[in-house]
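**Q** Enclosed is the structure file input.txt (compact mmCIF, C-alpha atoms).
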# COMPACT_ATOMS: atom_id res chain seq x y z
CA MET A 19 14.76 -37.54 -24.45
CA TYR A 20 16.06 -36.71 -20.99
CA THR A 21 17.24 -33.31 -22.17
CA ARG A 22 13.88 -32.43 -23.71
CA ILE A 23 12.05 -33.31 -20.48
CA ILE A 24 14.34 -31.01 -18.46
CA SER A 25 13.81 -28.17 -20.93
CA CYS A 26 10.07 -28.66 -20.82
CA CYS A 27 10.04 -28.61 -17.00
CA LEU A 28 12.11 -25.41 -16.94
CA GLY A 29 9.62 -23.74 -19.29
CA VAL A 30 6.72 -24.71 -17.04
CA LEU A 31 8.54 -23.38 -13.99
CA LEU A 32 9.32 -20.07 -15.69
CA LEU A 33 5.70 -19.71 -16.83
CA ALA A 34 4.47 -20.40 -13.28
CA ALA A 35 6.87 -17.84 -11.86
CA CYS A 36 5.73 -15.19 -14.33
CA SER A 37 2.06 -15.78 -13.51
CA LYS A 38 2.39 -15.26 -9.75
CA GLY A 39 0.93 -12.10 -8.18
CA GLU A 40 -1.24 -9.29 -9.46
CA GLY A 41 -0.41 -7.33 -12.56
CA PRO A 42 -0.54 -7.58 -16.36
CA GLY A 43 -0.64 -10.87 -18.19
CA GLY A 44 -4.26 -11.88 -17.62
CA LYS A 45 -7.59 -11.29 -19.35
CA ALA A 46 -9.52 -9.35 -16.71
CA THR A 47 -10.38 -5.64 -16.93
CA ILE A 48 -11.17 -2.77 -14.56
CA THR A 49 -13.25 0.11 -15.89
CA GLY A 50 -14.44 3.24 -14.13
CA THR A 51 -15.14 6.96 -14.26
CA VAL A 52 -13.33 9.91 -12.70
CA THR A 53 -15.25 13.07 -11.83
CA LYS A 54 -13.92 16.35 -10.49
CA GLN A 55 -15.01 19.45 -8.63
CA ASN A 56 -13.31 22.82 -8.52
CA GLN A 57 -12.94 23.98 -4.93
CA ALA A 58 -11.99 27.19 -3.19
CA ILE A 59 -10.11 26.50 0.03
CA ALA A 60 -11.09 28.72 2.96
CA LYS A 61 -8.58 31.41 3.85
CA ASN A 62 -8.12 33.77 6.77
CA GLU A 63 -8.11 37.51 6.13
CA ILE A 64 -4.81 39.20 7.00
CA ILE A 65 -4.32 42.97 7.07
CA GLU A 66 -1.35 45.23 7.72
CA VAL A 67 -1.77 48.48 9.64
CA THR A 68 1.02 51.07 9.74
CA ILE A 69 0.83 53.14 12.93
CA ILE A 70 2.06 56.75 12.93
CA LYS A 71 3.15 59.13 15.71
CA PRO A 72 0.36 61.08 17.44
CA VAL A 73 2.19 64.34 16.72
CA ILE A 74 4.67 65.01 13.91
CA ASP A 75 6.40 68.40 13.65
CA ALA A 76 3.80 69.98 15.95
CA GLU A 77 0.99 68.71 13.70
CA VAL A 78 -1.54 66.37 15.32
CA GLN A 79 -1.80 63.08 13.42
CA VAL A 80 -3.91 61.02 15.83
CA GLN A 81 -7.04 62.72 17.12
CA HIS A 82 -8.98 61.86 20.24
CA THR A 83 -11.91 59.61 19.01
CA ASP A 84 -10.04 58.50 15.85
CA TYR A 85 -10.80 54.88 14.89
CA PHE A 86 -10.30 52.19 12.25
CA LEU A 87 -12.50 49.19 11.49
CA LEU A 88 -11.45 45.62 12.16
CA ASN A 89 -13.69 43.25 10.20
CA ALA A 90 -14.40 39.54 10.53
CA PRO A 91 -16.46 37.00 8.51
CA ALA A 92 -20.26 37.32 8.61
CA GLY A 93 -21.71 36.08 11.88
CA ALA A 94 -18.54 36.82 13.89
CA THR A 95 -17.97 39.86 16.10
CA GLN A 96 -17.10 43.04 14.20
CA TYR A 97 -14.79 45.54 15.88
CA TYR A 98 -13.49 49.07 15.73
CA VAL A 99 -10.23 50.23 17.28
CA TYR A 100 -10.51 53.72 18.77
CA TYR A 101 -8.04 56.08 20.41
CA THR A 102 -8.44 57.88 23.71
CA ASN A 103 -6.05 60.72 24.49
CA THR A 104 -5.26 60.57 28.20
CA GLY A 105 -5.16 64.36 28.31
CA ALA A 106 -8.73 64.73 27.09
CA GLY A 107 -10.32 63.57 30.33
CA THR A 108 -13.07 61.66 28.50
CA SER A 109 -13.37 58.43 26.53
CA GLY A 110 -12.63 58.63 22.83
CA ASP A 111 -15.24 55.97 22.04
CA PRO A 112 -17.26 57.05 18.98
CA GLY A 113 -19.86 54.38 19.85
CA LEU A 114 -20.21 52.73 16.45
CA SER A 115 -23.43 50.73 16.26
CA GLY A 116 -23.26 46.95 15.76
CA ARG A 117 -19.57 46.75 16.64
CA GLU A 118 -17.46 46.12 19.69
CA GLY A 119 -14.99 48.84 20.58
CA ILE A 120 -11.30 48.24 21.35
CA GLU A 121 -9.82 51.16 23.29
CA VAL A 122 -6.21 52.30 22.87
CA THR A 123 -5.00 54.99 25.26
CA TYR A 124 -2.15 57.31 24.28
CA ASP A 125 -0.71 60.77 24.76
CA ASN A 126 0.80 63.21 22.34
CA PHE A 127 4.36 62.37 23.39
CA ASP A 128 4.12 58.70 22.35
CA THR A 129 6.33 57.51 19.51
CA ASN A 130 4.95 55.51 16.59
CA LEU A 131 6.54 52.39 18.12
CA GLU A 132 4.89 53.00 21.47
CA LEU A 133 1.51 53.61 19.89
CA ALA A 134 1.91 50.46 17.78
CA SER A 135 2.73 48.43 20.89
CA GLN A 136 -0.29 49.85 22.74
CA THR A 137 -2.54 49.07 19.77
CA GLU A 138 -1.20 45.51 19.59
CA ASN A 139 -1.78 44.92 23.30
CA ALA A 140 -5.31 46.33 23.17
CA ILE A 141 -6.35 44.11 20.26
CA VAL A 142 -4.84 40.97 21.82
CA THR A 143 -6.44 41.75 25.21
CA GLN A 144 -9.91 42.66 23.97
CA ALA A 145 -10.24 40.64 20.75
CA GLY A 146 -7.60 37.93 21.04
CA VAL A 147 -10.23 35.23 20.59
CA ASP A 148 -10.87 36.45 17.03
CA PHE A 149 -7.53 37.96 15.96
CA SER A 150 -3.81 37.39 16.31
CA VAL A 151 -1.36 40.28 16.01
CA HIS A 152 2.29 40.37 15.04
CA ARG A 153 4.20 43.63 15.39
CA ASN A 154 7.33 44.58 13.47
CA GLY A 155 8.25 48.09 14.53
CA ASP A 156 5.25 50.26 13.71
CA LEU A 157 3.72 47.69 11.32
CA LEU A 158 0.94 45.49 12.73
CA THR A 159 -0.02 42.30 10.89
CA ILE A 160 -3.51 41.38 12.09
CA SER A 161 -4.89 37.95 11.17
CA ASN A 162 -8.45 36.71 11.47
CA LYS A 163 -8.59 33.43 13.37
CA ILE A 164 -11.83 32.56 11.56
CA ALA A 165 -11.54 31.70 7.87
CA GLY A 166 -13.98 33.17 5.41
CA TYR A 167 -14.80 36.15 3.21
CA VAL A 168 -14.28 39.47 4.97
CA ILE A 169 -15.25 42.98 3.89
CA ASP A 170 -11.99 44.90 3.64
CA SER A 171 -11.08 46.75 6.82
CA ASP A 172 -11.44 50.51 6.65
CA LYS A 173 -9.14 53.20 8.05
CA GLY A 174 -12.19 55.05 9.39
CA THR A 175 -11.17 58.49 10.66
CA SER A 176 -7.55 57.50 11.29
CA LYS A 177 -4.57 58.42 9.10
CA PHE A 178 -3.16 54.89 9.37
CA ASP A 179 -2.26 53.02 6.21
CA ILE A 180 -4.26 49.78 5.99
CA ASN A 181 -3.33 47.14 3.44
CA VAL A 182 -5.01 43.78 2.79
CA LYS A 183 -2.17 41.26 2.74
CA GLU A 184 -4.37 38.15 2.28
CA ASP A 185 -8.03 38.20 1.27
CA GLY A 186 -10.33 36.04 3.34
CA ARG A 187 -12.20 33.38 1.41
CA THR A 188 -15.09 31.09 2.22
CA ALA A 189 -14.72 27.45 1.23
CA SER A 190 -16.84 26.37 -1.74
CA VAL A 191 -17.10 23.41 -4.11
CA ALA A 192 -18.42 23.61 -7.69
CA GLU A 193 -20.71 21.11 -9.42
CA VAL A 194 -19.42 17.66 -10.38
CA GLU A 195 -18.14 17.22 -13.93
CA ASN A 196 -16.30 14.51 -15.85
CA ALA A 197 -12.54 14.61 -15.43
CA VAL A 198 -11.10 14.69 -18.96
CA ASP A 199 -7.51 13.61 -19.63
CA GLU A 200 -6.98 12.89 -15.92
CA LYS A 201 -4.22 10.52 -14.81
CA VAL A 202 -5.41 7.28 -13.20
CA TYR A 203 -2.90 5.08 -11.38
CA ILE A 204 -3.05 1.35 -10.58
CA VAL A 205 -1.11 -0.42 -7.84
CA TYR A 206 -0.59 -4.18 -8.14
CA GLY A 207 -1.22 -6.12 -4.94
CA GLU A 208 0.82 -4.91 -1.97
CA GLN A 209 3.36 -2.96 -3.99
CA GLU A 210 4.25 0.48 -2.62
CA VAL A 211 4.40 2.23 -6.00
CA TYR A 212 2.00 2.25 -8.92
CA GLY A 213 2.49 -0.27 -11.70
CA ASP A 214 0.84 1.64 -14.54
CA VAL A 215 -0.87 4.96 -15.32
CA ILE A 216 -3.40 5.88 -18.01
CA ARG A 217 -5.55 8.93 -18.79
CA THR A 218 -9.31 9.28 -18.87
CA GLY A 219 -11.16 9.94 -22.11
CA GLY A 220 -13.50 12.78 -22.98
CA ASP A 221 -16.26 11.22 -20.86
CA GLY A 222 -14.02 10.75 -17.82
CA LYS A 223 -13.85 6.98 -18.29
CA TYR A 224 -10.77 4.74 -18.06
CA GLN A 225 -9.93 1.06 -18.45
CA PHE A 226 -7.11 -1.15 -17.26
CA ALA A 227 -7.07 -4.34 -19.37
CA GLY A 228 -5.05 -7.59 -19.43
CA LEU A 229 -4.98 -8.05 -15.65
CA LYS A 230 -4.66 -11.19 -13.53
CA LYS A 231 -6.73 -12.29 -10.58
CA GLY A 232 -5.86 -10.50 -7.35
CA ASN A 233 -6.10 -7.25 -5.44
CA TYR A 234 -5.57 -3.81 -6.95
CA THR A 235 -5.70 -0.18 -5.86
CA ILE A 236 -6.87 2.53 -8.26
CA TYR A 237 -6.21 6.16 -7.37
CA CYS A 238 -6.11 9.73 -8.67
CA VAL A 239 -4.39 12.79 -7.25
CA SER A 240 -6.73 15.20 -5.48
CA ILE A 241 -6.42 18.24 -3.19
CA ASP A 242 -7.02 18.00 0.56
CA PRO A 243 -9.64 20.70 1.32
CA GLU A 244 -8.25 21.24 4.82
CA THR A 245 -4.58 21.71 3.97
CA GLY A 246 -4.51 22.47 0.26
CA PHE A 247 -1.88 19.76 -0.25
CA ASN A 248 -1.99 16.88 -2.74
CA THR A 249 -3.64 13.69 -1.55
CA GLN A 250 -4.96 10.47 -3.12
CA GLU A 251 -8.54 9.47 -3.76
CA GLN A 252 -8.31 5.69 -4.01
CA ILE A 253 -10.47 2.59 -4.23
CA ALA A 254 -9.64 -1.07 -3.64
CA ILE A 255 -10.57 -3.59 -6.35
CA THR A 256 -10.52 -7.41 -6.23
CA ILE A 257 -10.51 -9.46 -9.43
CA SER A 258 -11.88 -12.90 -8.58
CA SER A 259 -11.68 -14.70 -11.93
CA GLY A 260 -9.38 -14.68 -14.90
CA LYS A 261 -11.80 -13.01 -17.35
CA GLU A 262 -13.77 -10.82 -14.96
CA GLU A 263 -14.83 -7.33 -16.02
CA VAL A 264 -14.94 -5.19 -12.87
CA ALA A 265 -16.89 -1.92 -12.83
CA ALA A 266 -15.11 0.28 -10.28
CA PRO A 267 -16.91 2.91 -8.16
CA ASP A 268 -16.52 6.47 -9.38
CA ILE A 269 -13.51 8.43 -8.17
CA ASN A 270 -14.24 12.09 -7.40
CA ILE A 271 -11.32 14.48 -7.09
CA LEU A 272 -11.01 18.11 -5.94
CA TYR A 273 -8.74 20.60 -7.63
Hey, can you dump this file as structure tokens for me?
**A**
Amino acid sequence: MYTRIISCCLGVLLLAACSKGEGPGGKATITGTVTKQNQAIAKNEIIEVTIIKPVIDAEVQVQHTDYFLLNAPAGATQYYVYYTNTGAGTSGDPGLSGREGIEVTYDNFDTNLELASQTENAIVTQAGVDFSVHRNGDLLTISNKIAGYVIDSDKGTSKFDINVKEDGRTASVAEVENAVDEKVYIVYGEQEVYGDVIRTGGDGKYQFAGLKKGNYTIYCVSIDPETGFNTQEQIAITISSGKEEVAAPDINILY
């Protein structure tokens, strides 16, 4: 009789221990819906300009009044970079309408490296608020400081090679739709890792069943629109009774 009582007490203690804390083993449920939106993260336009010598083998390559266009997103200042030969005695400004001119002075004895350096300095000095410039020899990498769609820069009358290294892009988000076959994670109580993961159905719905009373966190992986890195869209859920059916708020993710 004594032995049976001890065994019975041990069973009760083990059952009590197993029932402590949030997690599976109960009769409550959490149901919800996951929606998603396709997003385009804003990007800054980056171009590469290869500068050449003003004169190569007695042939003039850079003419007085030559220019190339330096474009920015709509609403920002648009520029043109023009070249003034110091021997001409006049400005080489072609006076393009609706744009701000950036003057680069040079002479026919300049090397391609010297002309590239002078072009870099002129852009930084006169348009540094809108553009950053990195020079590697005679190659200038010019980056828009403002993100957004940009009409490709044009070589204008210059013989410089202009290449779009990174297209500018304006941020946009598509319409909301149900997230099908999306992973949904659940964290039990104060645990630091998720305790279970399921996938949504064809209507974007999910259900976690057989849960105990307590606090839970539901989350899905999303994309941070500012950085483009993975982040979590999460909601906190409290189950107050053993058989409660909790309808969770929708989770909307970006991808």
**Q** Select, from A:Val205, A:Val67, A:Ala227, A:Ala254, the residue with the minimum atom-to-atom distance to Gly39 in chain A, counting only C-alpha atoms.
**A**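 Of A:Val205, A:Val67, A:Ala227, A:Ala254, the one nearest Gly39 in chain A, counting only C-alpha atoms, is A:Val205.
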**Q** Do you know which residues are at most 8 Å from Val122 in chain A counting only C-alpha atoms, after dropping those on the same chain fewer than 5 positions away, and could you put them as a PDB file with C-alpha atoms, in the coordinates of the input?
**A**
ATOM      1  CA  VAL A  99     -10.230  50.230  17.280  1.00  0.00           C
ATOM      2  CA  TYR A 100     -10.510  53.720  18.770  1.00  0.00           C
ATOM      3  CA  TYR A 101      -8.040  56.080  20.410  1.00  0.00           C
ATOM      4  CA  THR A 102      -8.440  57.880  23.710  1.00  0.00           C
ATOM      5  CA  GLN A 136      -0.290  49.850  22.740  1.00  0.00           C
ATOM      6  CA  THR A 137      -2.540  49.070  19.770  1.00  0.00           C
ATOM      7  CA  ALA A 140      -5.310  46.330  23.170  1.00  0.00           C
TER       8      ALA A 140
END
**Q** Which neighbours of Ile241 in chain A fall inside 12 Å, counting all atoms listed in the file, when residues of the same chain fewer than 6 positions from it are skipped, and could you give them as an mmCIF file with C-alpha atoms, in the frame of the given file?
**A**
data_model
loop_
_atom_site.group_PDB
_atom_site.id
_atom_site.type_symbol
_atom_site.label_atom_id
_atom_site.label_comp_id
_atom_site.auth_asym_id
_atom_site.auth_seq_id
_atom_site.Cartn_x
_atom_site.Cartn_y
_atom_site.Cartn_z
ATOM 1 C CA LYS A 54 -13.920 16.350 -10.490
ATOM 2 C CA GLN A 55 -15.010 19.450 -8.630
ATOM 3 C CA ASN A 56 -13.310 22.820 -8.520
ATOM 4 C CA GLN A 57 -12.940 23.980 -4.930
ATOM 5 C CA ALA A 58 -11.990 27.190 -3.190
ATOM 6 C CA ILE A 59 -10.110 26.500 0.030
ATOM 7 C CA VAL A 191 -17.100 23.410 -4.110
ATOM 8 C CA PHE A 247 -1.880 19.760 -0.250
ATOM 9 C CA ASN A 248 -1.990 16.880 -2.740
ATOM 10 C CA THR A 249 -3.640 13.690 -1.550
ATOM 11 C CA GLN A 250 -4.960 10.470 -3.120
ATOM 12 C CA GLU A 251 -8.540 9.470 -3.760
ATOM 13 C CA ASN A 270 -14.240 12.090 -7.400
ATOM 14 C CA ILE A 271 -11.320 14.480 -7.090
ATOM 15 C CA LEU A 272 -11.010 18.110 -5.940
ATOM 16 C CA TYR A 273 -8.740 20.600 -7.630
#
**Q** Edge lengths and centre in Å to one decimal, as lines of an AutoDock Vina configuration file, is what I'm after for the box along x, y and z that holds all listed atoms of range 67-80 of chain A once 4 Å is added on each side.
**A**
center_x = 1.2
center_y = 59.2
center_z = 13.5
size_x = 18.3
size_y = 29.5
size_z = 15.8
**Q** Using only C-alpha atoms, which residues sit within 6 Å of Glu184 in chain A once same-chain residues fewer than 2 positions away are excluded, as a list in words?
**A**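 Within the cut-off, the hits are Glu63, Ile64 and Val182 of chain A.
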**Q** For Pro267 in chain A, find every residue with an atom within 10 Å (counting only C-alpha atoms), except residues of its own chain fewer than 4 positions away, and show them as a PyMOL selection string.
**A** chain A and resi 49-52+252-255
**Q** Just to confirm, what's the straight-line distance from CA of Asn154 in chain A to CA of Ser176 in chain A in Å (one decimal)?
**A**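 So the two atoms, CA of Asn154 in chain A and CA of Ser176 in chain A, lie 19.8 Å apart.
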**Q** Please provide as a list of chain:residue names all residues within 12 Å of Ala76 in chain A, with the sequence filter that same-chain residues fewer than 4 positions apart are discarded (counting all atoms listed in the file).
**A** A:Lys71, A:Pro72, A:Val80, A:Asn126, A:Phe127
**Q** Between A:Ala94, A:Ala189, A:Leu157, A:Val147, single out the one closest to Leu131 in chain A, counting only C-alpha atoms.
**A**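 So, comparing all the options, the nearest one is A:Leu157.
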**Q** Of the candidates A:Tyr98, A:Asp148, A:Leu87, A:Thr218, which one gets nearest to Asp111 in chain A if we count all atoms listed in the file?
**A**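 Looking only at the distances to Asp111 in chain A, the closest residue turns out to be A:Tyr98.
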**Q** Rounded to one decimal place, report the CA of Asn181 in chain A-CA of Leu88 in chain A distance in Å.
**A**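 Taking CA of Asn181 in chain A and CA of Leu88 in chain A, their separation equals 12.0 Å.
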**Q** Could you check how far CA of Leu158 in chain A sits from CA of Thr68 in chain A, in Å to one decimal?
**A**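 If I compute the distance from CA of Leu158 in chain A to CA of Thr68 in chain A, I get 6.3 Å.
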**Q** If I put a ball of radius 10 Å at (-14.2, 17.4, -19.0) in the file's coordinates, which residues poke into it when counting only C-alpha atoms, written as a PyMOL selection string?
**A** chain A and resi 52-54+195-200+218-222
**Q** Have a look at A:Glu263, A:Asp170, A:Glu132, A:Glu138 and name the one nearest to Pro91 in chain A; count only C-alpha atoms.
**A**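 When distances to Pro91 in chain A are compared using only C-alpha atoms, the smallest one comes from A:Asp170.
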**Q** Closest to Gly174 in chain A among A:Leu114, A:Ile236, A:Val151, A:Val202, using all atoms listed in the file?
**A**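 Closest to Gly174 in chain A, using all atoms listed in the file: A:Leu114.
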**Q** Let me make sure I understand: among A:Asn130, A:Ile160, A:Ala192, A:Arg187, which one has the smallest atom-to-atom distance to Ile74 in chain A if we use all atoms listed in the file?
**A**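 For Ile74 in chain A, the nearest of the given residues is A:Asn130.
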**Q** Counting all atoms listed in the file, note down every residue that has an atom within 7 Å of the point (3.6, -5.0, -14.5) (file coordinates), as a short mmCIF file (atom, residue, chain, number, x, y, z; two decimals) with C-alpha atoms, in the frame of the given file.
**A**
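File written: selection02.cif
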data_model
loop_
_atom_site.label_atom_id
_atom_site.label_comp_id
_atom_site.auth_asym_id
_atom_site.auth_seq_id
_atom_site.Cartn_x
_atom_site.Cartn_y
_atom_site.Cartn_z
CA GLY A 41 -0.41 -7.33 -12.56
CA PRO A 42 -0.54 -7.58 -16.36
CA GLY A 213 2.49 -0.27 -11.70
#
